[in-house]
Structures are given as C-alpha cells and as structure tokens.
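Asks: Contents of input-v2.tsv (TSV, N, CA and C atoms) are given next:
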chain	number	residue	atom	x	y	z
D	242	MET	N	-17.98	-33.93	23.95
D	242	MET	CA	-17.24	-32.79	23.47
D	242	MET	C	-16.24	-33.27	22.42
D	243	ARG	N	-16.16	-32.52	21.32
D	243	ARG	CA	-15.26	-32.87	20.22
D	243	ARG	C	-13.85	-32.40	20.53
D	244	LYS	N	-12.89	-33.28	20.32
D	244	LYS	CA	-11.48	-32.90	20.54
D	244	LYS	C	-10.95	-32.27	19.26
D	245	ARG	N	-10.35	-31.11	19.40
D	245	ARG	CA	-9.80	-30.40	18.25
D	245	ARG	C	-8.36	-30.83	18.01
D	246	GLY	N	-8.01	-30.96	16.73
D	246	GLY	CA	-6.64	-31.33	16.38
D	246	GLY	C	-5.71	-30.15	16.60
D	247	LYS	N	-4.47	-30.44	16.77
D	247	LYS	CA	-3.47	-29.38	16.97
D	247	LYS	C	-3.13	-28.72	15.65
D	248	LEU	N	-2.86	-27.44	15.73
D	248	LEU	CA	-2.38	-26.71	14.57
D	248	LEU	C	-0.88	-26.87	14.46
D	249	ARG	N	-0.39	-26.95	13.25
D	249	ARG	CA	1.05	-27.11	13.00
D	249	ARG	C	1.58	-25.79	12.46
D	250	ARG	N	2.63	-25.28	13.07
D	250	ARG	CA	3.23	-24.01	12.68
D	250	ARG	C	4.31	-24.26	11.63
D	251	VAL	N	4.25	-23.51	10.52
D	251	VAL	CA	5.24	-23.65	9.45
D	251	VAL	C	5.61	-22.26	8.95
D	252	GLN	N	6.79	-22.15	8.38
D	252	GLN	CA	7.21	-20.90	7.77
D	252	GLN	C	6.98	-21.03	6.27
D	253	LEU	N	6.29	-20.04	5.69
D	253	LEU	CA	6.01	-20.06	4.26
D	253	LEU	C	7.02	-19.21	3.50
D	254	ILE	N	7.18	-19.50	2.23
D	254	ILE	CA	7.98	-18.65	1.36
D	254	ILE	C	7.16	-17.40	1.10
D	255	PRO	N	7.68	-16.21	1.47
D	255	PRO	CA	6.88	-14.98	1.37
D	255	PRO	C	6.23	-14.75	0.00
D	256	ALA	N	6.96	-14.97	-1.08
D	256	ALA	CA	6.40	-14.72	-2.41
D	256	ALA	C	5.19	-15.62	-2.70
D	257	ASN	N	5.17	-16.82	-2.11
D	257	ASN	CA	4.05	-17.75	-2.32
D	257	ASN	C	2.80	-17.34	-1.54
D	258	ALA	N	2.93	-16.54	-0.50
D	258	ALA	CA	1.80	-16.14	0.33
D	258	ALA	C	1.15	-14.85	-0.15
D	259	VAL	N	1.79	-14.12	-1.06
D	259	VAL	CA	1.29	-12.82	-1.48
D	259	VAL	C	-0.10	-12.90	-2.09
D	260	ALA	N	-0.36	-13.88	-2.95
D	260	ALA	CA	-1.67	-13.99	-3.60
D	260	ALA	C	-2.79	-14.19	-2.58
D	261	LEU	N	-2.56	-15.04	-1.58
D	261	LEU	CA	-3.56	-15.28	-0.54
D	261	LEU	C	-3.80	-14.02	0.28
D	262	LEU	N	-2.75	-13.31	0.64
D	262	LEU	CA	-2.88	-12.09	1.42
D	262	LEU	C	-3.62	-11.01	0.63
D	263	GLN	N	-3.32	-10.86	-0.65
D	263	GLN	CA	-4.01	-9.86	-1.46
D	263	GLN	C	-5.48	-10.21	-1.63
D	264	GLU	N	-5.79	-11.47	-1.79
D	264	GLU	CA	-7.17	-11.91	-1.91
D	264	GLU	C	-7.97	-11.58	-0.65
D	265	ALA	N	-7.31	-11.64	0.50
D	265	ALA	CA	-7.96	-11.34	1.77
D	265	ALA	C	-8.11	-9.85	2.01
D	266	GLY	N	-7.41	-9.01	1.23
D	266	GLY	CA	-7.56	-7.58	1.38
D	266	GLY	C	-6.38	-6.87	1.97
D	267	VAL	N	-5.25	-7.55	2.12
D	267	VAL	CA	-4.05	-6.88	2.61
D	267	VAL	C	-3.67	-5.83	1.58
D	268	VAL	N	-3.42	-4.62	2.04
D	268	VAL	CA	-3.10	-3.53	1.15
D	268	VAL	C	-1.90	-3.91	0.28
D	269	SER	N	-2.05	-3.71	-1.02
D	269	SER	CA	-0.98	-4.05	-1.95
D	269	SER	C	0.25	-3.20	-1.66
D	270	ARG	N	1.38	-3.84	-1.59
D	270	ARG	CA	2.62	-3.14	-1.31
D	270	ARG	C	3.63	-3.40	-2.42
D	271	ASP	N	4.63	-2.56	-2.48
D	271	ASP	CA	5.68	-2.74	-3.48
D	271	ASP	C	6.59	-3.90	-3.15
D	272	GLN	N	6.63	-4.28	-1.89
D	272	GLN	CA	7.56	-5.33	-1.45
D	272	GLN	C	6.80	-6.55	-0.96
D	273	ASP	N	7.42	-7.72	-1.10
D	273	ASP	CA	6.87	-8.94	-0.51
D	273	ASP	C	7.14	-8.90	1.00
D	274	PRO	N	6.40	-9.68	1.78
D	274	PRO	CA	6.67	-9.74	3.21
D	274	PRO	C	8.07	-10.30	3.48
D	275	GLU	N	8.65	-9.88	4.61
D	275	GLU	CA	9.96	-10.42	5.02
D	275	GLU	C	9.79	-11.85	5.53
D	276	THR	N	8.80	-12.04	6.39
D	276	THR	CA	8.53	-13.38	6.94
D	276	THR	C	7.04	-13.65	6.92
D	277	VAL	N	6.70	-14.91	6.73
D	277	VAL	CA	5.30	-15.34	6.77
D	277	VAL	C	5.24	-16.63	7.56
D	278	MET	N	4.49	-16.60	8.64
D	278	MET	CA	4.28	-17.80	9.45
D	278	MET	C	2.83	-18.23	9.26
D	279	ALA	N	2.61	-19.54	9.18
D	279	ALA	CA	1.26	-20.07	9.01
D	279	ALA	C	1.02	-21.18	10.02
D	280	TRP	N	-0.21	-21.30	10.43
D	280	TRP	CA	-0.64	-22.39	11.28
D	280	TRP	C	-1.63	-23.20	10.47
D	281	LEU	N	-1.31	-24.48	10.27
D	281	LEU	CA	-2.11	-25.36	9.42
D	281	LEU	C	-2.91	-26.34	10.27
D	282	THR	N	-4.10	-26.66	9.78
D	282	THR	CA	-4.93	-27.67	10.43
D	282	THR	C	-4.34	-29.04	10.14
D	283	PRO	N	-4.78	-30.08	10.83
D	283	PRO	CA	-4.27	-31.42	10.54
D	283	PRO	C	-4.47	-31.85	9.08
D	284	SER	N	-5.49	-31.28	8.41
D	284	SER	CA	-5.72	-31.61	7.00
D	284	SER	C	-4.88	-30.77	6.05
D	285	GLY	N	-4.08	-29.82	6.60
D	285	GLY	CA	-3.18	-29.01	5.78
D	285	GLY	C	-3.73	-27.68	5.32
D	286	ASN	N	-4.93	-27.31	5.75
D	286	ASN	CA	-5.51	-26.02	5.40
D	286	ASN	C	-5.00	-24.93	6.34
D	287	PRO	N	-4.78	-23.72	5.83
D	287	PRO	CA	-4.31	-22.65	6.71
D	287	PRO	C	-5.42	-22.19	7.65
D	288	ALA	N	-5.08	-22.01	8.92
D	288	ALA	CA	-6.02	-21.49	9.92
D	288	ALA	C	-5.63	-20.07	10.33
D	289	ARG	N	-4.36	-19.75	10.22
D	289	ARG	CA	-3.87	-18.42	10.58
D	289	ARG	C	-2.59	-18.14	9.81
D	290	ILE	N	-2.45	-16.90	9.37
D	290	ILE	CA	-1.24	-16.48	8.66
D	290	ILE	C	-0.83	-15.12	9.20
D	291	ILE	N	0.43	-14.99	9.57
D	291	ILE	CA	0.98	-13.70	10.01
D	291	ILE	C	2.12	-13.33	9.07
D	292	ALA	N	1.99	-12.17	8.44
D	292	ALA	CA	3.01	-11.68	7.51
D	292	ALA	C	3.59	-10.38	8.06
D	293	ARG	N	4.91	-10.28	8.05
D	293	ARG	CA	5.61	-9.06	8.50
D	293	ARG	C	6.32	-8.46	7.30
D	294	PHE	N	6.07	-7.15	7.08
D	294	PHE	CA	6.64	-6.44	5.94
D	294	PHE	C	7.82	-5.58	6.38
D	295	PRO	N	8.76	-5.30	5.48
D	295	PRO	CA	9.96	-4.53	5.83
D	295	PRO	C	9.66	-3.11	6.33
D	296	ASP	N	8.53	-2.54	5.91
D	296	ASP	CA	8.21	-1.17	6.31
D	296	ASP	C	7.51	-1.08	7.67
D	297	GLY	N	7.41	-2.21	8.39
D	297	GLY	CA	6.84	-2.20	9.74
D	297	GLY	C	5.41	-2.70	9.81
D	298	TRP	N	4.75	-2.92	8.69
D	298	TRP	CA	3.38	-3.42	8.70
D	298	TRP	C	3.36	-4.90	9.05
D	299	ARG	N	2.27	-5.30	9.71
D	299	ARG	CA	2.04	-6.70	10.05
D	299	ARG	C	0.59	-7.02	9.71
D	300	ALA	N	0.37	-8.11	9.03
D	300	ALA	CA	-0.98	-8.57	8.70
D	300	ALA	C	-1.22	-9.90	9.39
D	301	ASP	N	-2.35	-10.01	10.08
D	301	ASP	CA	-2.73	-11.22	10.80
D	301	ASP	C	-4.07	-11.69	10.23
D	302	LEU	N	-4.04	-12.78	9.50
D	302	LEU	CA	-5.23	-13.33	8.83
D	302	LEU	C	-5.64	-14.60	9.55
D	303	ARG	N	-6.90	-14.63	10.01
D	303	ARG	CA	-7.43	-15.82	10.70
D	303	ARG	C	-8.58	-16.38	9.86
D	304	ILE	N	-8.44	-17.64	9.48
D	304	ILE	CA	-9.40	-18.28	8.59
D	304	ILE	C	-10.19	-19.31	9.38
D	305	ARG	N	-11.52	-19.18	9.36
D	305	ARG	CA	-12.39	-20.10	10.09
D	305	ARG	C	-12.74	-21.30	9.21
D	306	THR	N	-13.26	-22.35	9.82
D	306	THR	CA	-13.57	-23.58	9.09
D	306	THR	C	-14.66	-23.40	8.05
D	307	ASP	N	-15.54	-22.40	8.23
D	307	ASP	CA	-16.60	-22.18	7.24
D	307	ASP	C	-16.12	-21.34	6.05
D	308	GLY	N	-14.84	-20.95	6.05
D	308	GLY	CA	-14.28	-20.18	4.95
D	308	GLY	C	-14.26	-18.68	5.17
D	309	SER	N	-14.96	-18.21	6.19
D	309	SER	CA	-14.92	-16.78	6.49
D	309	SER	C	-13.59	-16.47	7.17
D	310	PHE	N	-13.23	-15.20	7.21
D	310	PHE	CA	-11.95	-14.84	7.80
D	310	PHE	C	-12.02	-13.46	8.43
D	311	SER	N	-11.03	-13.17	9.25
D	311	SER	CA	-10.86	-11.82	9.80
D	311	SER	C	-9.41	-11.41	9.55
D	312	LEU	N	-9.24	-10.13	9.30
D	312	LEU	CA	-7.92	-9.60	8.97
D	312	LEU	C	-7.64	-8.42	9.86
D	313	THR	N	-6.48	-8.43	10.50
D	313	THR	CA	-6.01	-7.32	11.31
D	313	THR	C	-4.68	-6.87	10.75
D	314	GLN	N	-4.54	-5.56	10.55
D	314	GLN	CA	-3.27	-5.02	10.08
D	314	GLN	C	-2.80	-3.98	11.10
D	315	SER	N	-1.52	-3.97	11.35
D	315	SER	CA	-0.97	-3.01	12.30
D	315	SER	C	0.37	-2.51	11.80
D	316	LEU	N	0.75	-1.36	12.30
D	316	LEU	CA	2.01	-0.75	11.91
D	316	LEU	C	2.85	-0.53	13.16
D	317	LYS	N	4.08	-1.00	13.13
D	317	LYS	CA	4.99	-0.83	14.26
D	317	LYS	C	5.74	0.50	14.06
D	318	LEU	N	5.62	1.37	15.03
D	318	LEU	CA	6.27	2.67	14.98
D	318	LEU	C	7.28	2.78	16.10
D	319	GLN	N	8.35	3.50	15.84
D	319	GLN	CA	9.33	3.77	16.88
D	319	GLN	C	9.47	5.29	16.96
D	320	VAL	N	9.20	5.81	18.14
D	320	VAL	CA	9.28	7.25	18.36
D	320	VAL	C	10.65	7.58	18.94
D	321	THR	N	11.33	8.54	18.34
D	321	THR	CA	12.63	8.98	18.86
D	321	THR	C	12.52	10.45	19.21
D	322	GLN	N	13.39	10.89	20.11
D	322	GLN	CA	13.37	12.29	20.53
D	322	GLN	C	14.45	13.06	19.83
Kindly return the structure encoded in the file as structure tokens.
Replies:
Amino acid sequence: MRKRGKLRRVQLIPANAVALLQEAGVVSRDQDPETVMAWLTPSGNPARIIARFPDGWRADLRIRTDGSFSLTQSLKLQVTQ
C-alpha cells in the first residue's frame, strides 16, 4: 500500500487566488474573497481551496492528481424574525 504525503494548510492572498477560482467556474463577483485557505501537496500543488466571500458565499474547490476537479458553492443565510 502506498503511503500518502500529508497536505500542508496555508492561507493565500485572496487577490492571488481569484484567477484560479474563476478558471474553475466560481461565479464572478464584484469583490475578492475575504479569506482563502489552501491545502498543498508535498510538491506544492494545490489539492483543495476554500474561499469565503463577504456576501456569505463559500467556494470549495477540490483538485485531484489527474487534474480534474470538483467545485461546491454554498451561501450562508441567517433568518431573523
């Protein structure tokens, strides 16, 4: 069985992650993300990126070793009475 290397968690500069997120299909927004966290492989390639936007949207991009990816977007809502 092959032992997998650990992923390293880093915080990215939001403006630097915008191009990658747009290429993956994240809906274009007027604002850059507030925070962007990335998990890098031992070779330094991104394996996962989570971006949180000021308007409540969150994008979760998971990149596989073959170059394919999956993207999940969600919106955080707060209901008040």
Asks: Between D:Gly308, D:Gly266, D:Pro274, D:Gly246, single out the one closest to Pro295 (chain D), counting only C-alpha atoms.
Replies: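 Residue with the minimum atom-to-atom distance to Pro295 (chain D): D:Pro274.
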Asks: Considering all atoms listed in the file, state which residue in the set D:Gln322, D:Thr282, D:Thr276, D:Gln314 is at the smallest distance from Gln252 (chain D).
Replies: D:Thr276
Asks: How many Å lie between atom N of Ile304 (chain D) and atom N of Arg289 (chain D), rounded to one decimal?
Replies: 4.7 Å
Asks: So which bits of chain D end up strand (DSSP E or B) when you DSSP the backbone, as a tab-separated table (two decimals) with N, CA and C atoms, in the coordinates of the input?
Replies:
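Here's the written file states.tsv:
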chain	number	residue	atom	x	y	z
D	249	ARG	N	-0.39	-26.95	13.25
D	249	ARG	CA	1.05	-27.11	13.00
D	249	ARG	C	1.58	-25.79	12.46
D	250	ARG	N	2.63	-25.28	13.07
D	250	ARG	CA	3.23	-24.01	12.68
D	250	ARG	C	4.31	-24.26	11.63
D	251	VAL	N	4.25	-23.51	10.52
D	251	VAL	CA	5.24	-23.65	9.45
D	251	VAL	C	5.61	-22.26	8.95
D	252	GLN	N	6.79	-22.15	8.38
D	252	GLN	CA	7.21	-20.90	7.77
D	252	GLN	C	6.98	-21.03	6.27
D	253	LEU	N	6.29	-20.04	5.69
D	253	LEU	CA	6.01	-20.06	4.26
D	253	LEU	C	7.02	-19.21	3.50
D	276	THR	N	8.80	-12.04	6.39
D	276	THR	CA	8.53	-13.38	6.94
D	276	THR	C	7.04	-13.65	6.92
D	277	VAL	N	6.70	-14.91	6.73
D	277	VAL	CA	5.30	-15.34	6.77
D	277	VAL	C	5.24	-16.63	7.56
D	278	MET	N	4.49	-16.60	8.64
D	278	MET	CA	4.28	-17.80	9.45
D	278	MET	C	2.83	-18.23	9.26
D	279	ALA	N	2.61	-19.54	9.18
D	279	ALA	CA	1.26	-20.07	9.01
D	279	ALA	C	1.02	-21.18	10.02
D	280	TRP	N	-0.21	-21.30	10.43
D	280	TRP	CA	-0.64	-22.39	11.28
D	280	TRP	C	-1.63	-23.20	10.47
D	281	LEU	N	-1.31	-24.48	10.27
D	281	LEU	CA	-2.11	-25.36	9.42
D	281	LEU	C	-2.91	-26.34	10.27
D	287	PRO	N	-4.78	-23.72	5.83
D	287	PRO	CA	-4.31	-22.65	6.71
D	287	PRO	C	-5.42	-22.19	7.65
D	288	ALA	N	-5.08	-22.01	8.92
D	288	ALA	CA	-6.02	-21.49	9.92
D	288	ALA	C	-5.63	-20.07	10.33
D	289	ARG	N	-4.36	-19.75	10.22
D	289	ARG	CA	-3.87	-18.42	10.58
D	289	ARG	C	-2.59	-18.14	9.81
D	290	ILE	N	-2.45	-16.90	9.37
D	290	ILE	CA	-1.24	-16.48	8.66
D	290	ILE	C	-0.83	-15.12	9.20
D	291	ILE	N	0.43	-14.99	9.57
D	291	ILE	CA	0.98	-13.70	10.01
D	291	ILE	C	2.12	-13.33	9.07
D	292	ALA	N	1.99	-12.17	8.44
D	292	ALA	CA	3.01	-11.68	7.51
D	292	ALA	C	3.59	-10.38	8.06
D	293	ARG	N	4.91	-10.28	8.05
D	293	ARG	CA	5.61	-9.06	8.50
D	293	ARG	C	6.32	-8.46	7.30
D	298	TRP	N	4.75	-2.92	8.69
D	298	TRP	CA	3.38	-3.42	8.70
D	298	TRP	C	3.36	-4.90	9.05
D	299	ARG	N	2.27	-5.30	9.71
D	299	ARG	CA	2.04	-6.70	10.05
D	299	ARG	C	0.59	-7.02	9.71
D	300	ALA	N	0.37	-8.11	9.03
D	300	ALA	CA	-0.98	-8.57	8.70
D	300	ALA	C	-1.22	-9.90	9.39
D	301	ASP	N	-2.35	-10.01	10.08
D	301	ASP	CA	-2.73	-11.22	10.80
D	301	ASP	C	-4.07	-11.69	10.23
D	302	LEU	N	-4.04	-12.78	9.50
D	302	LEU	CA	-5.23	-13.33	8.83
D	302	LEU	C	-5.64	-14.60	9.55
D	303	ARG	N	-6.90	-14.63	10.01
D	303	ARG	CA	-7.43	-15.82	10.70
D	303	ARG	C	-8.58	-16.38	9.86
D	304	ILE	N	-8.44	-17.64	9.48
D	304	ILE	CA	-9.40	-18.28	8.59
D	304	ILE	C	-10.19	-19.31	9.38
D	310	PHE	N	-13.23	-15.20	7.21
D	310	PHE	CA	-11.95	-14.84	7.80
D	310	PHE	C	-12.02	-13.46	8.43
D	311	SER	N	-11.03	-13.17	9.25
D	311	SER	CA	-10.86	-11.82	9.80
D	311	SER	C	-9.41	-11.41	9.55
D	312	LEU	N	-9.24	-10.13	9.30
D	312	LEU	CA	-7.92	-9.60	8.97
D	312	LEU	C	-7.64	-8.42	9.86
D	313	THR	N	-6.48	-8.43	10.50
D	313	THR	CA	-6.01	-7.32	11.31
D	313	THR	C	-4.68	-6.87	10.75
D	314	GLN	N	-4.54	-5.56	10.55
D	314	GLN	CA	-3.27	-5.02	10.08
D	314	GLN	C	-2.80	-3.98	11.10
D	315	SER	N	-1.52	-3.97	11.35
D	315	SER	CA	-0.97	-3.01	12.30
D	315	SER	C	0.37	-2.51	11.80
D	316	LEU	N	0.75	-1.36	12.30
D	316	LEU	CA	2.01	-0.75	11.91
D	316	LEU	C	2.85	-0.53	13.16
Asks: Got a sec: who's within 6.5 Å of Trp298 (chain D), counting all atoms listed in the file, leaving out chain neighbours fewer than 5 positions off, as a PyMOL selection string?
Replies: chain D and resi 292-293+315-317
Asks: Could you please determine the separation between CA of Ala258 (chain D) and CA of Ser311 (chain D) in Å, to one decimal place?
Replies: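 Interatomic distance, CA of Ala258 (chain D) to CA of Ser311 (chain D): 16.4 Å.
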Asks: Taking into account all atoms listed in the file, which residue in the set D:Asn257, D:Thr306, D:Thr321, D:Gln263 is nearest to Ala288 (chain D)?
Replies: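 Going through D:Asn257, D:Thr306, D:Thr321, D:Gln263 one by one, the smallest distance to Ala288 (chain D) is for D:Thr306.
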Asks: Restricting the calculation to all atoms listed in the file: of D:Asp273, D:Asp301, D:Asp307, D:Asp296, which residue gets closest to Pro255 (chain D)?
Replies: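 Of D:Asp273, D:Asp301, D:Asp307, D:Asp296, the one nearest Pro255 (chain D) is D:Asp273, counting all atoms listed in the file.
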Asks: List every protein, DNA or RNA residue with an atom no more than 6 Å from (-1.9, -32.1, 12.9) in the file's coordinates, counting all atoms listed in the file, and format the result as a ChimeraX atom specification.
Replies: /D:246-249,282-284
